[in-house]
file model28.cif (mmCIF, C-alpha atoms)
data_structure
loop_
_atom_site.label_atom_id
_atom_site.label_comp_id
_atom_site.auth_asym_id
_atom_site.auth_seq_id
_atom_site.Cartn_x
_atom_site.Cartn_y
_atom_site.Cartn_z
CA MET A 651 0.00 0.00 0.00
CA THR A 652 1.40 3.39 -0.94
CA ASP A 653 1.00 6.08 1.67
CA LYS A 654 -0.63 9.28 0.59
CA HIS A 655 0.92 12.19 2.40
CA GLU A 656 -1.37 14.63 4.08
CA PRO A 657 -1.35 17.78 1.91
CA ARG A 658 0.69 20.43 3.67
CA ARG A 659 -1.34 23.55 4.30
CA PRO A 660 0.26 26.54 2.56
CA MET A 661 1.48 29.31 4.83
CA GLN A 662 -0.95 32.19 5.06
CA GLY A 663 -1.03 35.72 6.40
CA LEU A 664 2.71 36.44 6.59
CA ALA A 665 2.84 40.21 7.05
CA SER A 666 6.23 40.51 5.37
CA LEU A 667 8.96 38.20 4.11
CA PRO A 668 11.98 38.18 6.42
CA VAL A 669 15.15 38.23 4.33
CA PHE A 670 18.80 38.81 5.10
CA PHE A 671 20.87 40.90 2.70
CA ASP A 672 24.52 39.98 2.16
CA LEU A 673 26.02 43.47 2.12
CA ALA A 674 29.71 42.61 2.38
CA ASP A 675 31.59 45.09 0.15
CA LYS A 676 28.31 46.26 -1.42
CA HIS A 677 27.52 49.96 -1.88
CA VAL A 678 24.53 51.46 -0.07
CA LEU A 679 23.19 54.94 -0.73
CA LEU A 680 22.07 56.75 2.44
CA ALA A 681 20.38 60.12 2.05
CA GLY A 682 20.19 62.21 5.21
CA GLY A 683 22.53 63.12 8.03
CA THR A 684 20.23 62.89 11.07
CA PRO A 685 21.02 60.85 14.20
CA GLU A 686 18.41 58.33 13.01
CA ALA A 687 20.21 58.02 9.68
CA ALA A 688 23.50 57.62 11.57
CA TRP A 689 22.06 54.59 13.36
CA LYS A 690 21.09 53.08 10.00
CA ALA A 691 24.62 53.77 8.73
CA GLU A 692 26.06 52.02 11.78
CA LEU A 693 23.93 48.93 11.13
CA LEU A 694 24.86 48.90 7.45
CA GLN A 695 28.60 49.18 8.03
CA ALA A 696 28.38 46.49 10.71
CA ALA A 697 26.99 44.21 7.99
CA GLY A 698 29.99 44.97 5.79
CA ALA A 699 28.41 47.59 3.52
CA ILE A 700 30.22 50.54 1.95
CA VAL A 701 27.94 53.43 2.90
CA ASP A 702 27.86 56.69 0.94
CA VAL A 703 26.05 59.34 3.00
CA PHE A 704 24.55 62.22 1.03
CA SER A 705 23.92 65.17 3.33
CA ALA A 706 24.91 68.85 3.25
CA THR A 707 24.41 69.09 7.04
CA PRO A 708 25.37 65.80 8.71
CA SER A 709 24.67 65.53 12.43
CA ASP A 710 27.41 65.18 15.03
CA ALA A 711 26.53 61.48 15.33
CA MET A 712 26.97 60.93 11.60
CA GLN A 713 30.26 62.84 11.54
CA ALA A 714 31.58 60.85 14.49
CA LEU A 715 30.65 57.56 12.83
CA ALA A 716 32.35 58.55 9.57
CA ALA A 717 35.48 59.58 11.50
CA GLN A 718 35.66 56.16 13.17
CA THR A 719 34.64 53.97 10.22
CA SER A 720 36.43 53.85 6.90
CA THR A 721 33.42 52.32 5.14
CA VAL A 722 31.12 55.28 5.92
CA THR A 723 31.86 58.22 3.61
CA LEU A 724 30.29 61.67 3.95
CA ILE A 725 29.41 63.35 0.65
CA GLY A 726 28.57 66.95 1.43
CA ARG A 727 25.63 67.42 -0.91
CA ASP A 728 22.13 66.17 -1.58
CA TRP A 729 21.56 63.03 -3.65
CA THR A 730 20.92 62.97 -7.40
CA GLU A 731 19.45 60.38 -9.77
CA ASN A 732 22.94 59.33 -10.88
CA ASP A 733 23.93 58.36 -7.32
CA PHE A 734 21.77 55.23 -7.41
CA ALA A 735 24.01 53.57 -10.00
CA GLY A 736 25.72 50.54 -8.48
CA ALA A 737 23.82 50.75 -5.18
CA THR A 738 22.49 47.55 -3.60
CA LEU A 739 20.10 49.38 -1.26
CA ALA A 740 18.89 52.95 -0.81
CA ILE A 741 18.00 54.37 2.60
CA GLY A 742 16.57 57.86 3.17
CA ASP A 743 15.53 60.03 6.09
CA PHE A 744 13.37 63.00 5.13
CA ALA A 745 11.21 65.53 6.94
CA THR A 746 8.39 65.60 4.39
CA ALA A 747 6.36 63.09 2.46
CA GLU A 748 7.17 64.95 -0.77
CA GLU A 749 10.92 64.41 -0.30
CA ALA A 750 10.34 60.78 0.63
CA ALA A 751 8.17 60.19 -2.44
CA ARG A 752 10.76 61.73 -4.77
CA PHE A 753 13.57 59.61 -3.30
CA CYS A 754 11.47 56.46 -3.39
CA ALA A 755 10.48 56.99 -7.03
CA ALA A 756 14.10 57.58 -8.05
CA ALA A 757 15.27 54.41 -6.29
CA ARG A 758 12.58 52.32 -7.93
CA ARG A 759 13.40 53.72 -11.36
CA ALA A 760 16.97 52.60 -10.75
CA GLY A 761 15.80 49.16 -9.60
CA VAL A 762 17.22 49.64 -6.09
CA PRO A 763 15.22 48.42 -3.03
CA VAL A 764 14.38 51.43 -0.89
CA ASN A 765 13.63 52.22 2.74
CA VAL A 766 12.58 55.63 4.07
CA VAL A 767 12.90 55.98 7.84
CA ASP A 768 9.52 56.06 9.63
CA LYS A 769 7.57 56.29 6.35
CA PRO A 770 6.38 52.74 5.54
CA ASP A 771 4.42 53.88 2.48
CA TYR A 772 7.76 54.53 0.77
CA CYS A 773 9.52 51.32 1.77
CA ASP A 774 10.24 48.12 -0.12
CA PHE A 775 11.67 46.59 3.04
CA GLN A 776 11.82 47.28 6.77
CA PHE A 777 14.58 47.15 9.35
CA GLY A 778 13.73 44.66 12.09
CA THR A 779 14.74 44.78 15.72
CA ILE A 780 17.74 42.47 16.03
CA VAL A 781 19.33 40.18 18.57
CA ASP A 782 23.02 40.04 17.65
CA ARG A 783 24.88 36.79 18.19
CA SER A 784 26.61 37.07 14.83
CA PRO A 785 26.86 35.04 12.70
CA LEU A 786 23.58 34.09 14.40
CA VAL A 787 21.20 37.02 13.93
CA VAL A 788 17.57 37.03 15.09
CA ALA A 789 15.31 39.67 13.55
CA ILE A 790 11.93 40.73 14.92
CA SER A 791 9.35 42.74 13.00
CA THR A 792 5.79 43.83 13.70
CA SER A 793 5.56 45.51 10.26
CA GLY A 794 5.55 48.86 12.03
CA ALA A 795 2.46 48.03 14.08
CA ALA A 796 4.08 47.92 17.53
CA PRO A 797 7.78 48.88 17.72
CA VAL A 798 7.73 48.94 21.52
CA PHE A 799 6.41 45.38 21.53
CA ALA A 800 9.28 44.33 19.24
CA LEU A 801 11.78 45.93 21.62
CA ALA A 802 10.23 44.08 24.56
CA LEU A 803 10.51 40.79 22.69
CA ARG A 804 14.13 41.54 21.89
CA GLY A 805 14.80 42.07 25.59
CA ARG A 806 13.21 38.72 26.40
CA LEU A 807 15.23 36.94 23.70
CA GLU A 808 18.45 38.64 24.80
CA ALA A 809 17.89 37.14 28.24
CA LEU A 810 17.04 33.69 26.88
CA LEU A 811 19.88 33.36 24.36
CA PRO A 812 23.27 33.07 26.06
CA ALA A 813 26.09 35.26 24.77
CA SER A 814 28.06 32.06 24.11
CA LEU A 815 25.76 31.36 21.13
CA LYS A 816 27.92 33.76 19.15
CA ARG A 817 30.90 31.47 19.64
CA TRP A 818 28.83 28.40 18.78
CA ALA A 819 27.58 30.02 15.57
CA GLU A 820 31.17 30.90 14.64
CA ALA A 821 32.18 27.31 15.38
CA ALA A 822 29.37 25.97 13.18
CA LYS A 823 30.67 28.03 10.27
CA ALA A 824 34.19 26.69 10.79
CA TRP A 825 33.20 23.07 11.40
CA ARG A 826 30.66 22.60 8.60
CA PRO A 827 33.32 21.95 5.87
CA LYS A 828 34.90 19.25 8.06
CA LEU A 829 31.74 17.17 7.96
CA ALA A 830 31.66 16.88 4.16
CA ASP A 831 29.31 13.99 3.30
CA ALA A 832 29.60 12.18 6.63
CA PRO A 833 26.49 10.01 7.14
CA SER A 834 26.47 11.08 10.79
CA ARG A 835 26.33 14.82 10.11
CA ARG A 836 22.62 15.17 10.88
CA ARG A 837 23.12 13.59 14.29
CA PHE A 838 26.17 15.80 14.75
CA TRP A 839 24.05 18.93 14.33
CA GLU A 840 21.43 17.60 16.74
CA ILE A 841 24.13 17.07 19.38
CA PHE A 842 25.63 20.45 18.47
CA THR A 843 22.29 22.17 19.08
CA THR A 844 21.91 20.60 22.51
CA ARG A 845 25.38 21.72 23.56
CA ALA A 846 25.04 25.19 22.04
CA LEU A 847 22.07 25.94 24.29
CA THR A 848 24.26 25.64 27.37
CA SER A 849 25.90 28.71 28.86
CA ARG A 850 29.50 27.93 27.94
CA ALA A 851 31.54 28.58 24.83
CA PRO A 852 32.77 25.73 22.57
CA ASP A 853 36.30 24.52 21.98
CA GLU A 854 37.95 22.10 19.56
CA ARG A 855 37.40 19.20 21.96
CA ASP A 856 33.68 19.67 21.49
CA PHE A 857 33.98 18.99 17.78
CA ASP A 858 35.96 15.80 18.36
CA ASP A 859 33.56 14.61 21.06
CA MET A 860 30.45 15.38 19.02
CA ILE A 861 31.66 13.83 15.77
CA ALA A 862 32.68 10.68 17.66
CA ALA A 863 29.31 10.50 19.43
CA ALA A 864 27.41 11.15 16.20
CA TRP A 865 29.36 8.48 14.33
CA ARG A 866 28.91 5.97 17.15
CA GLU A 867 25.18 6.58 17.48
CA THR A 868 24.67 6.45 13.71
CA ALA A 869 26.68 3.23 13.37
CA ASP A 870 24.98 1.56 16.34
CA SER A 871 21.42 2.59 15.54
CA GLN A 872 19.28 -0.03 13.85
CA PRO A 873 17.40 0.92 10.69
CA GLY A 874 13.75 1.69 11.20
CA ALA A 875 13.71 3.62 14.44
CA ILE A 876 10.14 4.32 15.53
CA VAL A 877 9.02 6.55 18.37
CA LEU A 878 5.48 6.63 19.72
CA ILE A 879 4.57 9.96 21.31
CA GLY A 880 1.46 10.20 23.44
CA ILE A 881 -0.29 13.53 22.89
CA ALA A 882 -2.27 14.48 25.96
CA SER A 883 -3.07 18.09 25.12
CA ALA A 884 -3.86 20.30 22.16
CA ASP A 885 -1.48 22.92 23.54
CA PRO A 886 2.01 22.70 21.90
CA GLU A 887 3.53 24.33 24.98
CA MET A 888 2.69 21.22 27.01
CA LEU A 889 5.07 19.04 24.98
CA THR A 890 8.09 17.78 26.87
CA LEU A 891 11.51 18.75 25.55
CA LYS A 892 12.20 15.12 24.63
CA ALA A 893 8.95 14.80 22.69
CA LEU A 894 9.67 18.04 20.87
CA ARG A 895 13.20 16.92 19.95
CA LEU A 896 12.02 13.54 18.64
CA LEU A 897 9.14 15.07 16.72
CA GLN A 898 11.43 17.54 14.97
CA ALA A 899 13.97 14.80 14.17
CA ALA A 900 11.44 12.52 12.42
CA ASP A 901 11.36 12.07 8.64
CA VAL A 902 7.79 10.74 8.59
CA ILE A 903 5.00 11.70 11.00
CA PHE A 904 2.02 9.36 11.39
CA HIS A 905 -0.75 10.86 13.50
CA ASP A 906 -4.29 10.21 14.65
CA LYS A 907 -7.01 12.49 13.33
CA ALA A 908 -7.61 13.64 16.91
CA VAL A 909 -4.11 15.12 17.24
CA ALA A 910 -4.37 18.88 17.01
CA PRO A 911 -2.89 20.50 13.86
CA SER A 912 -0.93 22.87 16.12
CA ILE A 913 1.04 19.83 17.36
CA VAL A 914 1.65 18.32 13.92
CA GLU A 915 2.86 21.64 12.53
CA ILE A 916 5.75 21.74 15.00
CA ALA A 917 7.47 19.01 12.97
CA ARG A 918 9.94 19.99 10.26
CA ARG A 919 8.14 21.38 7.24
CA GLU A 920 9.87 18.91 4.93
CA SER A 921 8.81 15.83 6.93
CA ALA A 922 5.97 13.72 5.51
CA LYS A 923 2.72 13.88 7.52
CA ILE A 924 0.33 10.93 7.24
CA VAL A 925 -3.09 10.65 8.92
CA VAL A 926 -4.03 7.18 10.21
CA ASP A 927 -7.08 5.71 11.91
CA ALA A 928 -8.14 2.43 13.47
CA ALA A 929 -9.13 0.96 10.11
CA ASP A 930 -5.57 1.20 8.82
CA ASP A 931 -2.93 -1.49 9.21
CA ILE A 932 -0.78 1.05 10.98
CA PRO A 933 2.14 -1.23 11.93
CA ALA A 934 2.56 -2.48 8.35
CA ARG A 935 2.56 1.04 6.94
CA MET A 936 5.05 2.28 9.49
CA ILE A 937 7.34 -0.74 9.16
CA ALA A 938 7.46 -0.29 5.40
CA ARG A 939 8.62 3.31 5.78
CA ALA A 940 11.00 2.48 8.61
CA GLN A 941 12.66 -0.26 6.56
CA GLU A 942 13.40 2.37 3.93
CA GLY A 943 15.58 4.02 6.57
CA ALA A 944 13.22 6.79 7.61
CA ARG A 945 12.92 7.92 11.21
CA ILE A 946 9.28 7.57 12.22
CA ALA A 947 7.20 9.38 14.83
CA TRP A 948 3.67 8.22 15.58
CA LEU A 949 1.54 10.77 17.41
CA VAL A 950 -1.26 9.11 19.36
CA ALA A 951 -3.97 11.13 21.10
CA GLY A 952 -4.53 10.13 24.70
CA ASP A 953 -3.78 6.73 26.25
CA LEU A 954 -0.67 4.79 25.19
CA SER A 955 -1.62 1.60 27.00
CA ARG A 956 -3.13 -0.01 23.89
CA PHE A 957 0.16 0.10 22.02
CA ASP A 958 1.70 -3.28 21.19
CA ALA A 959 5.34 -3.16 20.11
CA LEU A 960 5.60 -6.85 19.14
CA ALA A 961 4.87 -6.37 15.43
CA PHE A 962 7.52 -3.69 15.16
CA GLN A 963 10.12 -5.65 17.11
CA ALA A 964 9.46 -8.76 15.01
CA ALA A 965 10.27 -6.68 11.92
CA GLY A 966 13.57 -5.57 13.46
CA CYS A 967 12.46 -2.02 14.22
CA THR A 968 13.58 -0.26 17.37
CA VAL A 969 10.67 1.25 19.28
CA GLU A 970 10.61 3.97 21.92
CA ILE A 971 7.51 5.11 23.80
CA VAL A 972 7.50 8.70 25.01
CA ALA A 973 4.94 10.62 27.02
CA GLY A 974 4.44 13.78 25.01
CA ALA A 975 3.45 15.92 28.00
CA ASP A 976 3.35 16.01 31.75
CA THR A 977 -0.16 14.64 32.20
CA ALA A 978 -0.79 16.65 35.34
CA ASN A 979 -3.02 19.65 34.74
CA VAL A 980 -3.30 19.25 30.97
CA GLU A 981 -6.33 19.87 28.82
CA TRP A 982 -7.20 16.49 27.34
CA LEU A 983 -8.26 16.13 23.76
#
call {"tool": "encode", "arguments": {"input": "model28.cif", "output": "structure tokens"}}
result
Amino acid sequence: MTDKHEPRRPMQGLASLPVFFDLADKHVLLAGGTPEAAWKAELLQAAGAIVDVFSATPSDAMQALAAQTSTVTLIGRDWTENDFAGATLAIGDFATAEEAARFCAAARRAGVPVNVVDKPDYCDFQFGTIVDRSPLVVAISTSGAAPVFALALRGRLEALLPASLKRWAEAAKAWRPKLADAPSRRRFWEIFTTRALTSRAPDERDFDDMIAAAWRETADSQPGAIVLIGIASADPEMLTLKALRLLQAADVIFHDKAVAPSIVEIARRESAKIVVDAADDIPARMIARAQEGARIAWLVAGDLSRFDALAFQAAGCTVEIVAGADTANVEWL
């Protein structure tokens, strides 16, 4: 029997598309010399951009930044149409809507994405509030609806994400080429993620330890690993950390119709999601996929006591049973 994957529901209602521009050694046109424009220039140069600032009256903040940073250049005049040539982005800060509209129109004629500070009607993109653990960067946007809320979220994330994540992200960039086509690299990154969320910085011994552990676990693991996760609540926040980790590691997700979509959607977007019910020969379907080498998670609503592992074990599949939530004080399905 060939499984028919549950159609993945297309994403809907995304207010804007979060993207990250690679600005290393790219030219950016910045019109305006205000303190607000100086902050934009600081962000741009931090991302590696070469920033040309067009302003006849740059603020003290802009002058100080240009004096300290070789990639921020003050050009003591207003912008012209010709200045957009070769620019990757165009940023402007203007007092009036008329000035903003003229700048925006010129940028679009030149095919350059444009942002005008505090004037969303003249923006092709927005600057988000950022949490900097470079090369790990987290951006937060409310599409201009609630900037104070975005700042509050940034504060919460700053407290949650240890400063050592910067070192782990740097290590990931350095270690990735060493993994090449190692069959254990996926397990390596799972172990890496667990360690990175501690409060200490990495060292080279971590790489050696993790690659050895990943290789050992990959070599020792039997094909057809299956995990049964009991789902006791429709609230994703009630999932245990172990259940969440196993769910996100699975290649194929089988689930009862009673399991809430909010739980199923936590799995990786590329994993296959298959709905099953009592009329199906569930073990046979799961064994077939497991014997292809896929990692299987079966989400079962409610009681796990009816589960019989014998069919799976007879087929040579490893089986693990996990309580998906602390069953005290949960809202049952």
call {"tool": "resolve_selection", "arguments": {"input": "model28.cif", "expression": "the PyMOL selection byres ((chain A and resi 792) around 10)", "output": "JSON, numbers by chain"}}
result
{"A": [665, 666, 776, 778, 779, 790, 791, 793, 794, 795, 796, 797, 798, 799, 800]}
call {"tool": "atom_distance", "arguments": {"input": "model28.cif", "atom1": "CA of Gly943 (chain A)", "atom2": "CA of Gln963 (chain A)"}}
result
15.3 Å
call {"tool": "closest_residue", "arguments": {"input": "model28.cif", "among": "A:Ala851, A:Leu949, A:Leu891, A:Ala940", "to": "Ile876 (chain A)", "atoms": "only C-alpha atoms"}}
result
A:Ala940
call {"tool": "resolve_selection", "arguments": {"input": "model28.cif", "expression": "the PyMOL selection byres ((chain A and resi 926) around 12)", "output": "list in words"}}
result
Asp653, Lys654, His655, Glu656, Ile903, Phe904, His905, Asp906, Lys907, Ala908, Val909, Lys923, Ile924, Val925, Asp927, Ala928, Ala929, Asp930, Asp931, Ile932, Pro933, Ala934, Arg935, Met936, Trp948, Leu949, Val950 and Ala951 of chain A
call {"tool": "write_last_selection", "arguments": {"input": "model28.cif", "atoms": "C-alpha atoms", "output": "PDB file, keeping the file's coordinate frame"}}
result
ATOM      1  CA  ASP A 653       1.000   6.080   1.670  1.00  0.00           C
ATOM      2  CA  LYS A 654      -0.630   9.280   0.590  1.00  0.00           C
ATOM      3  CA  HIS A 655       0.920  12.190   2.400  1.00  0.00           C
ATOM      4  CA  GLU A 656      -1.370  14.630   4.080  1.00  0.00           C
ATOM      5  CA  ILE A 903       5.000  11.700  11.000  1.00  0.00           C
ATOM      6  CA  PHE A 904       2.020   9.360  11.390  1.00  0.00           C
ATOM      7  CA  HIS A 905      -0.750  10.860  13.500  1.00  0.00           C
ATOM      8  CA  ASP A 906      -4.290  10.210  14.650  1.00  0.00           C
ATOM      9  CA  LYS A 907      -7.010  12.490  13.330  1.00  0.00           C
ATOM     10  CA  ALA A 908      -7.610  13.640  16.910  1.00  0.00           C
ATOM     11  CA  VAL A 909      -4.110  15.120  17.240  1.00  0.00           C
ATOM     12  CA  LYS A 923       2.720  13.880   7.520  1.00  0.00           C
ATOM     13  CA  ILE A 924       0.330  10.930   7.240  1.00  0.00           C
ATOM     14  CA  VAL A 925      -3.090  10.650   8.920  1.00  0.00           C
ATOM     15  CA  ASP A 927      -7.080   5.710  11.910  1.00  0.00           C
ATOM     16  CA  ALA A 928      -8.140   2.430  13.470  1.00  0.00           C
ATOM     17  CA  ALA A 929      -9.130   0.960  10.110  1.00  0.00           C
ATOM     18  CA  ASP A 930      -5.570   1.200   8.820  1.00  0.00           C
ATOM     19  CA  ASP A 931      -2.930  -1.490   9.210  1.00  0.00           C
ATOM     20  CA  ILE A 932      -0.780   1.050  10.980  1.00  0.00           C
ATOM     21  CA  PRO A 933       2.140  -1.230  11.930  1.00  0.00           C
ATOM     22  CA  ALA A 934       2.560  -2.480   8.350  1.00  0.00           C
ATOM     23  CA  ARG A 935       2.560   1.040   6.940  1.00  0.00           C
ATOM     24  CA  MET A 936       5.050   2.280   9.490  1.00  0.00           C
ATOM     25  CA  TRP A 948       3.670   8.220  15.580  1.00  0.00           C
ATOM     26  CA  LEU A 949       1.540  10.770  17.410  1.00  0.00           C
ATOM     27  CA  VAL A 950      -1.260   9.110  19.360  1.00  0.00           C
ATOM     28  CA  ALA A 951      -3.970  11.130  21.100  1.00  0.00           C
TER      29      ALA A 951
END
call {"tool": "resolve_selection", "arguments": {"input": "model28.cif", "expression": "the PyMOL selection byres ((chain A and resi 716-732) around 10)", "output": "number ranges by chain"}}
result
A: 675, 677-683, 688, 691-692, 694-696, 698-708, 710-715, 733-736, 742, 753, 755-757, 759-760
call {"tool": "closest_residue", "arguments": {"input": "model28.cif", "among": "A:Ala697, A:Lys823, A:Asp831, A:Pro812", "to": "Arg845 (chain A)", "atoms": "only C-alpha atoms"}}
result
A:Pro812
call {"tool": "residues_near_point", "arguments": {"input": "model28.cif", "point": "(8.6, 14.1, 17.1)", "cutoff": "10 Å", "atoms": "all atoms listed in the file", "output": "PDB file with C-alpha atoms, keeping the file's coordinate frame"}}
result
ATOM      1  CA  VAL A 877       9.020   6.550  18.370  1.00  0.00           C
ATOM      2  CA  LEU A 878       5.480   6.630  19.720  1.00  0.00           C
ATOM      3  CA  ILE A 879       4.570   9.960  21.310  1.00  0.00           C
ATOM      4  CA  LEU A 889       5.070  19.040  24.980  1.00  0.00           C
ATOM      5  CA  LYS A 892      12.200  15.120  24.630  1.00  0.00           C
ATOM      6  CA  ALA A 893       8.950  14.800  22.690  1.00  0.00           C
ATOM      7  CA  LEU A 894       9.670  18.040  20.870  1.00  0.00           C
ATOM      8  CA  ARG A 895      13.200  16.920  19.950  1.00  0.00           C
ATOM      9  CA  LEU A 896      12.020  13.540  18.640  1.00  0.00           C
ATOM     10  CA  LEU A 897       9.140  15.070  16.720  1.00  0.00           C
ATOM     11  CA  GLN A 898      11.430  17.540  14.970  1.00  0.00           C
ATOM     12  CA  ALA A 899      13.970  14.800  14.170  1.00  0.00           C
ATOM     13  CA  ALA A 900      11.440  12.520  12.420  1.00  0.00           C
ATOM     14  CA  ASP A 901      11.360  12.070   8.640  1.00  0.00           C
ATOM     15  CA  VAL A 902       7.790  10.740   8.590  1.00  0.00           C
ATOM     16  CA  ILE A 903       5.000  11.700  11.000  1.00  0.00           C
ATOM     17  CA  PHE A 904       2.020   9.360  11.390  1.00  0.00           C
ATOM     18  CA  ILE A 913       1.040  19.830  17.360  1.00  0.00           C
ATOM     19  CA  VAL A 914       1.650  18.320  13.920  1.00  0.00           C
ATOM     20  CA  ILE A 916       5.750  21.740  15.000  1.00  0.00           C
ATOM     21  CA  ALA A 917       7.470  19.010  12.970  1.00  0.00           C
ATOM     22  CA  ARG A 918       9.940  19.990  10.260  1.00  0.00           C
ATOM     23  CA  ARG A 945      12.920   7.920  11.210  1.00  0.00           C
ATOM     24  CA  ILE A 946       9.280   7.570  12.220  1.00  0.00           C
ATOM     25  CA  ALA A 947       7.200   9.380  14.830  1.00  0.00           C
ATOM     26  CA  TRP A 948       3.670   8.220  15.580  1.00  0.00           C
ATOM     27  CA  LEU A 949       1.540  10.770  17.410  1.00  0.00           C
ATOM     28  CA  VAL A 972       7.500   8.700  25.010  1.00  0.00           C
ATOM     29  CA  GLY A 974       4.440  13.780  25.010  1.00  0.00           C
TER      30      GLY A 974
END
call {"tool": "residues_around", "arguments": {"input": "model28.cif", "residues": "region 824-829 of chain A", "least_positions_apart": "4", "cutoff": "9 Å", "atoms": "all atoms listed in the file", "output": "PyMOL selection string"}}
result
chain A and resi 819-820+833-835+838+857+861
call {"tool": "closest_residue", "arguments": {"input": "model28.cif", "among": "A:Leu739, A:Leu693, A:Ala747, A:Ala965", "to": "Val762 (chain A)", "atoms": "only C-alpha atoms"}}
result
A:Leu739
call {"tool": "atom_distance", "arguments": {"input": "model28.cif", "atom1": "CA of Pro763 (chain A)", "atom2": "CA of Pro660 (chain A)"}}
result
27.1 Å
call {"tool": "atom_distance", "arguments": {"input": "model28.cif", "atom1": "CA of Gly952 (chain A)", "atom2": "CA of Ala882 (chain A)"}}
result
5.1 Å
call {"tool": "residues_near_point", "arguments": {"input": "model28.cif", "point": "(23.8, 20.2, 18.6)", "cutoff": "12 Å", "atoms": "only C-alpha atoms", "output": "ChimeraX atom specification"}}
result
/A:815,818-819,821-822,835-848,852,856-857,859-861,863-864,895
call {"tool": "closest_residue", "arguments": {"input": "model28.cif", "among": "A:Leu803, A:Ala964, A:Val787, A:Ala938", "to": "Lys816 (chain A)", "atoms": "all atoms listed in the file"}}
result
A:Val787
call {"tool": "closest_residue", "arguments": {"input": "model28.cif", "among": "A:Ala973, A:Ala813, A:Ala884, A:Ala875", "to": "Glu942 (chain A)", "atoms": "all atoms listed in the file"}}
result
A:Ala875
